[in-house]
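*Asks:* mmCIF, C-alpha atoms, file start_39.cif:
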```cif
data_data
loop_
_atom_site.group_PDB
_atom_site.id
_atom_site.type_symbol
_atom_site.label_atom_id
_atom_site.label_comp_id
_atom_site.auth_asym_id
_atom_site.auth_seq_id
_atom_site.Cartn_x
_atom_site.Cartn_y
_atom_site.Cartn_z
ATOM 1 C CA MET U 247 204.789 -60.059 -270.654
ATOM 2 C CA ILE U 248 201.249 -61.170 -271.467
ATOM 3 C CA ASP U 249 200.870 -62.485 -267.882
ATOM 4 C CA THR U 250 201.861 -59.047 -266.538
ATOM 5 C CA ILE U 251 199.224 -57.344 -268.709
ATOM 6 C CA ARG U 252 196.571 -59.847 -267.585
ATOM 7 C CA GLN U 253 197.450 -59.249 -263.921
ATOM 8 C CA THR U 254 197.260 -55.453 -264.387
ATOM 9 C CA VAL U 255 193.880 -55.703 -266.134
ATOM 10 C CA ALA U 256 192.601 -58.114 -263.466
ATOM 11 C CA ARG U 257 193.549 -55.624 -260.749
ATOM 12 C CA ALA U 258 192.193 -52.553 -262.585
ATOM 13 C CA LEU U 259 188.864 -54.066 -263.696
ATOM 14 C CA PRO U 260 187.167 -54.065 -260.242
ATOM 15 C CA LEU U 261 188.260 -50.444 -259.664
ATOM 16 C CA ALA U 262 186.895 -49.414 -263.065
ATOM 17 C CA LEU U 263 183.542 -51.064 -262.277
ATOM 18 C CA VAL U 264 183.315 -49.265 -258.908
ATOM 19 C CA LEU U 265 184.080 -45.908 -260.541
ATOM 20 C CA ALA U 266 181.534 -46.460 -263.318
ATOM 21 C CA THR U 267 178.824 -47.434 -260.821
ATOM 22 C CA SER U 268 179.636 -44.435 -258.631
ATOM 23 C CA ALA U 269 179.418 -42.038 -261.592
ATOM 24 C CA ALA U 270 176.055 -43.476 -262.646
ATOM 25 C CA CYS U 271 174.652 -43.010 -259.134
ATOM 26 C CA ALA U 272 175.942 -39.421 -258.971
ATOM 27 C CA LYS U 273 174.168 -38.577 -262.241
ATOM 28 C CA LYS U 274 170.925 -40.061 -260.918
ATOM 29 C CA ASP U 275 171.116 -37.957 -257.693
ATOM 30 C CA ALA U 276 172.013 -34.771 -259.574
ATOM 31 C CA GLY U 277 168.849 -35.104 -261.645
ATOM 32 C CA ASN U 278 166.661 -35.435 -258.564
ATOM 33 C CA VAL U 279 165.224 -31.891 -258.379
ATOM 34 C CA ALA U 280 161.691 -30.628 -258.086
ATOM 35 C CA GLU U 281 159.943 -27.320 -258.706
ATOM 36 C CA THR U 282 158.370 -25.833 -255.589
ATOM 37 C CA ALA U 283 155.012 -24.082 -255.431
ATOM 38 C CA GLY U 284 156.762 -20.709 -255.706
ATOM 39 C CA GLY U 285 158.519 -21.751 -258.901
ATOM 40 C CA SER U 286 161.964 -22.143 -257.335
ATOM 41 C CA ILE U 287 164.006 -25.216 -258.074
ATOM 42 C CA GLY U 288 165.104 -27.160 -255.014
ATOM 43 C CA SER U 289 166.962 -30.371 -254.399
ATOM 44 C CA THR U 290 164.922 -33.281 -253.114
ATOM 45 C CA THR U 291 167.790 -35.370 -251.815
ATOM 46 C CA SER U 292 167.105 -34.678 -248.121
ATOM 47 C CA ALA U 293 164.082 -36.212 -246.443
ATOM 48 C CA SER U 294 162.703 -32.885 -245.179
ATOM 49 C CA ALA U 295 162.929 -31.180 -248.579
ATOM 50 C CA ALA U 296 161.320 -34.136 -250.311
ATOM 51 C CA THR U 297 158.271 -34.441 -248.068
ATOM 52 C CA LEU U 298 157.485 -31.089 -246.370
ATOM 53 C CA ARG U 299 155.288 -28.844 -248.520
ATOM 54 C CA VAL U 300 153.576 -25.502 -247.926
ATOM 55 C CA SER U 301 149.872 -26.051 -248.469
ATOM 56 C CA ASP U 302 148.646 -22.517 -247.714
ATOM 57 C CA VAL U 303 149.570 -19.194 -246.139
ATOM 58 C CA THR U 304 146.818 -17.239 -244.376
ATOM 59 C CA LEU U 305 147.136 -13.649 -243.140
ATOM 60 C CA GLY U 306 145.112 -12.007 -240.416
ATOM 61 C CA SER U 307 144.888 -9.913 -237.275
ATOM 62 C CA GLY U 308 145.578 -12.734 -234.805
ATOM 63 C CA VAL U 309 146.244 -16.444 -234.284
ATOM 64 C CA GLY U 310 144.682 -19.008 -232.017
ATOM 65 C CA THR U 311 146.421 -21.554 -229.821
ATOM 66 C CA ASP U 312 146.350 -23.904 -232.831
ATOM 67 C CA LYS U 313 148.478 -21.327 -234.761
ATOM 68 C CA LYS U 314 145.671 -20.797 -237.280
ATOM 69 C CA VAL U 315 144.792 -17.227 -238.218
ATOM 70 C CA THR U 316 141.791 -15.546 -236.655
ATOM 71 C CA GLY U 317 140.353 -12.503 -238.371
ATOM 72 C CA GLU U 318 141.597 -13.416 -241.851
ATOM 73 C CA SER U 319 142.388 -10.366 -243.982
ATOM 74 C CA ALA U 320 144.608 -9.067 -246.771
ATOM 75 C CA THR U 321 144.199 -5.420 -245.706
ATOM 76 C CA PHE U 322 145.692 -3.934 -242.533
ATOM 77 C CA LYS U 323 146.027 -0.585 -240.760
ATOM 78 C CA PRO U 324 149.446 1.055 -240.156
ATOM 79 C CA ASN U 325 149.540 0.129 -236.430
ATOM 80 C CA ASP U 326 148.344 -3.478 -236.851
ATOM 81 C CA THR U 327 150.372 -6.545 -235.991
ATOM 82 C CA ILE U 328 150.191 -8.758 -239.072
ATOM 83 C CA TYR U 329 150.059 -12.523 -238.558
ATOM 84 C CA ALA U 330 150.828 -15.285 -241.041
ATOM 85 C CA SER U 331 149.885 -18.902 -240.489
ATOM 86 C CA VAL U 332 151.835 -21.311 -242.698
ATOM 87 C CA HIS U 333 150.040 -24.620 -243.241
ATOM 88 C CA THR U 334 152.432 -27.432 -244.131
ATOM 89 C CA THR U 335 151.795 -31.045 -245.057
ATOM 90 C CA GLY U 336 154.130 -34.005 -244.940
ATOM 91 C CA THR U 337 157.063 -34.673 -242.676
ATOM 92 C CA GLY U 338 160.393 -33.060 -241.970
ATOM 93 C CA THR U 339 163.140 -33.159 -239.388
ATOM 94 C CA ASN U 340 164.602 -29.871 -238.167
ATOM 95 C CA THR U 341 163.312 -28.145 -241.292
ATOM 96 C CA PRO U 342 163.731 -24.353 -241.391
ATOM 97 C CA ILE U 343 160.669 -22.346 -242.453
ATOM 98 C CA THR U 344 161.343 -18.651 -243.019
ATOM 99 C CA ALA U 345 158.930 -15.741 -243.371
ATOM 100 C CA ARG U 346 160.500 -12.862 -245.310
ATOM 101 C CA TRP U 347 158.340 -9.723 -245.259
ATOM 102 C CA THR U 348 158.878 -7.213 -248.067
ATOM 103 C CA PHE U 349 157.491 -3.787 -248.983
ATOM 104 C CA GLY U 350 156.940 -2.420 -252.496
ATOM 105 C CA ASN U 351 159.656 -3.541 -254.880
ATOM 106 C CA ALA U 352 161.041 -6.249 -252.574
ATOM 107 C CA GLN U 353 162.482 -3.978 -249.855
ATOM 108 C CA GLN U 354 162.924 -6.409 -246.963
ATOM 109 C CA VAL U 355 161.348 -5.180 -243.716
ATOM 110 C CA SER U 356 161.635 -8.303 -241.550
ATOM 111 C CA GLU U 357 162.652 -11.959 -241.601
ATOM 112 C CA SER U 358 162.321 -14.747 -239.053
ATOM 113 C CA THR U 359 162.853 -18.502 -239.126
ATOM 114 C CA GLU U 360 161.236 -21.350 -237.195
ATOM 115 C CA THR U 361 162.706 -24.858 -237.212
ATOM 116 C CA VAL U 362 159.985 -27.508 -237.340
ATOM 117 C CA SER U 363 159.766 -31.315 -237.278
ATOM 118 C CA PRO U 364 156.177 -32.080 -238.318
ATOM 119 C CA THR U 365 154.777 -35.543 -238.976
ATOM 120 C CA GLY U 366 151.676 -34.471 -240.913
ATOM 121 C CA ASP U 367 149.532 -31.347 -241.180
ATOM 122 C CA ALA U 368 151.046 -28.542 -239.116
ATOM 123 C CA TYR U 369 150.762 -24.773 -238.705
ATOM 124 C CA THR U 370 153.620 -22.379 -238.030
ATOM 125 C CA GLU U 371 152.940 -18.804 -236.925
ATOM 126 C CA PHE U 372 154.880 -15.676 -237.892
ATOM 127 C CA HIS U 373 154.061 -12.050 -237.166
ATOM 128 C CA VAL U 374 155.410 -8.539 -237.683
ATOM 129 C CA SER U 375 154.666 -5.182 -236.136
ATOM 130 C CA LYS U 376 156.144 -1.720 -236.418
ATOM 131 C CA PRO U 377 155.864 0.573 -233.371
ATOM 132 C CA GLY U 378 155.857 3.744 -235.515
ATOM 133 C CA GLY U 379 153.328 2.232 -237.930
ATOM 134 C CA TRP U 380 153.630 0.639 -241.357
ATOM 135 C CA PRO U 381 153.887 2.891 -244.414
ATOM 136 C CA VAL U 382 150.811 2.655 -246.620
ATOM 137 C CA GLY U 383 151.339 0.377 -249.613
ATOM 138 C CA LYS U 384 151.660 -3.148 -250.932
ATOM 139 C CA TYR U 385 153.575 -5.850 -249.058
ATOM 140 C CA THR U 386 154.396 -9.528 -249.561
ATOM 141 C CA VAL U 387 155.303 -12.301 -247.162
ATOM 142 C CA HIS U 388 157.560 -14.875 -248.833
ATOM 143 C CA VAL U 389 157.652 -18.321 -247.202
ATOM 144 C CA LEU U 390 160.816 -20.340 -247.676
ATOM 145 C CA VAL U 391 161.376 -24.010 -246.814
ATOM 146 C CA ASN U 392 165.009 -25.084 -246.590
ATOM 147 C CA GLY U 393 165.964 -21.709 -248.086
ATOM 148 C CA GLN U 394 163.809 -22.147 -251.205
ATOM 149 C CA GLU U 395 160.701 -20.026 -251.771
ATOM 150 C CA ALA U 396 157.631 -22.230 -251.441
ATOM 151 C CA SER U 397 154.828 -19.643 -251.353
ATOM 152 C CA ALA U 398 154.133 -15.911 -251.293
ATOM 153 C CA LYS U 399 151.124 -13.924 -250.127
ATOM 154 C CA GLU U 400 150.422 -10.261 -250.895
ATOM 155 C CA PHE U 401 148.685 -7.809 -248.585
ATOM 156 C CA THR U 402 148.043 -4.089 -248.317
ATOM 157 C CA VAL U 403 148.445 -1.518 -245.559
ATOM 158 C CA GLN U 404 146.054 1.402 -245.871
ATOM 159 C CA LYS U 405 144.790 4.176 -243.614
#
```
Would you give me this structure, written as C-alpha cells?

*Replies:*
Amino acid sequence: MIDTIRQTVARALPLALVLATSAACAKKDAGNVAETAGGSIGSTTSASAATLRVSDVTLGSGVGTDKKVTGESATFKPNDTIYASVHTTGTGTNTPITARWTFGNAQQVSESTETVSPTGDAYTEFHVSKPGGWPVGKYTVHVLVNGQEASAKEFTVQK
C-alpha cells in the first residue's frame, strides 16, 4: 500500500511542479502593463506595443515628402484639408496607428488606420477634408497605437 502511494506521489510531483511554474509565469505576464501617453492602459506583451511610442502629433495645412507637417496650425477654415503628422519613436512590426477625428463632444467624423513597421524615428501622415466644408467649432484628432489611445491633439475650425 505504501509503495502504491509513493508511486502515485512520484508520478504527480513533476506535474504539480510544471503547473506551479506555469501559474507563476502567467501572473508575471498579466502584471506586465503600462500606461500610455494618453492615459490608457495597454498590454506590453507584444514587441510592437512595448517599443513603439507616439512622440508628437503636429497639425497643419500640408505635409512634405518626409510626412512632416508644413504650415503648422491649430486653426483651420471650413474648406481646408487638415493634416496630422504622427511622430513615433522605437520599433514595431505591422503596428496599426489610427487617427480618429472627432467634433465637439466626441462625435466621430472620420477614422483611418496605417500599418507601420518602423525601426526608429518615423512619421505617419493622416488627413481629412469635407467637400461641403467643416462646421465651425472644436475638434480633436485621437491617435491610437494597437487600438489604445496614445495621444490627442485639439484644433479649431473657424470662419

*Asks:* So what does the PyMOL selection byres ((chain U and resi 393) around 8) actually pick up in this one, as a list in words?

*Replies:*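 Those residues are Pro342, Ile343, Thr344, Leu390, Val391, Asn392, Gln394 and Glu395 of chain U.
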
*Asks:* Kindly assemble as a tab-separated table a list of the range 322-344 of chain U residues that lie within 6 Å of range 294-309 of chain U, each paired with its nearest atom pair and their distance in Å to one decimal, using all atoms listed in the file, sorted first by chain and then by ascending residue number.

*Replies:*
```
residue	atom	partner	partner_atom	distance
U:Ile328	CA	U:Ser307	CA	5.7
U:Tyr329	CA	U:Gly306	CA	5.3
U:Ala330	CA	U:Leu305	CA	4.6
U:Ser331	CA	U:Thr304	CA	5.2
U:Val332	CA	U:Val303	CA	4.6
U:His333	CA	U:Asp302	CA	5.1
U:Thr334	CA	U:Val300	CA	4.4
U:Thr335	CA	U:Arg299	CA	5.4
U:Gly336	CA	U:Leu298	CA	4.7
U:Thr337	CA	U:Leu298	CA	5.2
U:Gly338	CA	U:Ser294	CA	4.0
U:Thr339	CA	U:Ser294	CA	5.8
```

*Asks:* (154.0, 3.8, -239.9) in this file's frame - what residues fall within 10 Å of it? Use all atoms listed in the file and give the answer as a list in words.

*Replies:*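 Looking at atoms near the point gives Lys323, Pro324, Asn325, Asp326, Ser375, Lys376, Pro377, Gly378, Gly379, Trp380, Pro381, Val382, Val403 and Lys405 of chain U.
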
*Asks:* Keeping C-alpha atoms, export the residues of the selection given above as a PDB file, keeping the file's coordinate frame.

*Replies:*
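Output saved as selection-v3.pdb:
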```
ATOM      1  CA  LYS U 323     146.027  -0.585-240.760  1.00  0.00           C
ATOM      2  CA  PRO U 324     149.446   1.055-240.156  1.00  0.00           C
ATOM      3  CA  ASN U 325     149.540   0.129-236.430  1.00  0.00           C
ATOM      4  CA  ASP U 326     148.344  -3.478-236.851  1.00  0.00           C
ATOM      5  CA  SER U 375     154.666  -5.182-236.136  1.00  0.00           C
ATOM      6  CA  LYS U 376     156.144  -1.720-236.418  1.00  0.00           C
ATOM      7  CA  PRO U 377     155.864   0.573-233.371  1.00  0.00           C
ATOM      8  CA  GLY U 378     155.857   3.744-235.515  1.00  0.00           C
ATOM      9  CA  GLY U 379     153.328   2.232-237.930  1.00  0.00           C
ATOM     10  CA  TRP U 380     153.630   0.639-241.357  1.00  0.00           C
ATOM     11  CA  PRO U 381     153.887   2.891-244.414  1.00  0.00           C
ATOM     12  CA  VAL U 382     150.811   2.655-246.620  1.00  0.00           C
ATOM     13  CA  VAL U 403     148.445  -1.518-245.559  1.00  0.00           C
ATOM     14  CA  LYS U 405     144.790   4.176-243.614  1.00  0.00           C
TER      15      LYS U 405
END
```

*Asks:* Applied to the shown file, which residues does the PyMOL selection byres ((chain U and resi 385) around 6) return, written as a list in words?

*Replies:*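 Applying the expression gives Thr348, Phe349, Gly350, Lys384, Thr386, Glu400, Phe401 and Thr402 of chain U.
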
*Asks:* Can I get the selection written as a PDB file, in the frame of the given file, with C-alpha atoms?

*Replies:*
```
ATOM      1  CA  THR U 348     158.878  -7.213-248.067  1.00  0.00           C
ATOM      2  CA  PHE U 349     157.491  -3.787-248.983  1.00  0.00           C
ATOM      3  CA  GLY U 350     156.940  -2.420-252.496  1.00  0.00           C
ATOM      4  CA  LYS U 384     151.660  -3.148-250.932  1.00  0.00           C
ATOM      5  CA  THR U 386     154.396  -9.528-249.561  1.00  0.00           C
ATOM      6  CA  GLU U 400     150.422 -10.261-250.895  1.00  0.00           C
ATOM      7  CA  PHE U 401     148.685  -7.809-248.585  1.00  0.00           C
ATOM      8  CA  THR U 402     148.043  -4.089-248.317  1.00  0.00           C
TER       9      THR U 402
END
```

*Asks:* Any idea what the distance is between CA of Thr359 in chain U and CA of Thr321 in chain U?

*Replies:*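 Those two atoms sit 23.7 Å apart.
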
*Asks:* Could you tell me how far CA of Ser358 in chain U lies from CA of His373 in chain U, in Å and to one decimal?

*Replies:*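 Separation between CA of Ser358 in chain U and CA of His373 in chain U: 8.9 Å.
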
*Asks:* I'd like the interatomic distance between CA of Asn351 in chain U and CA of Lys313 in chain U, to a tenth of an Å.

*Replies:*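 About the pair CA of Asn351 in chain U and CA of Lys313 in chain U: they are 29.1 Å apart.
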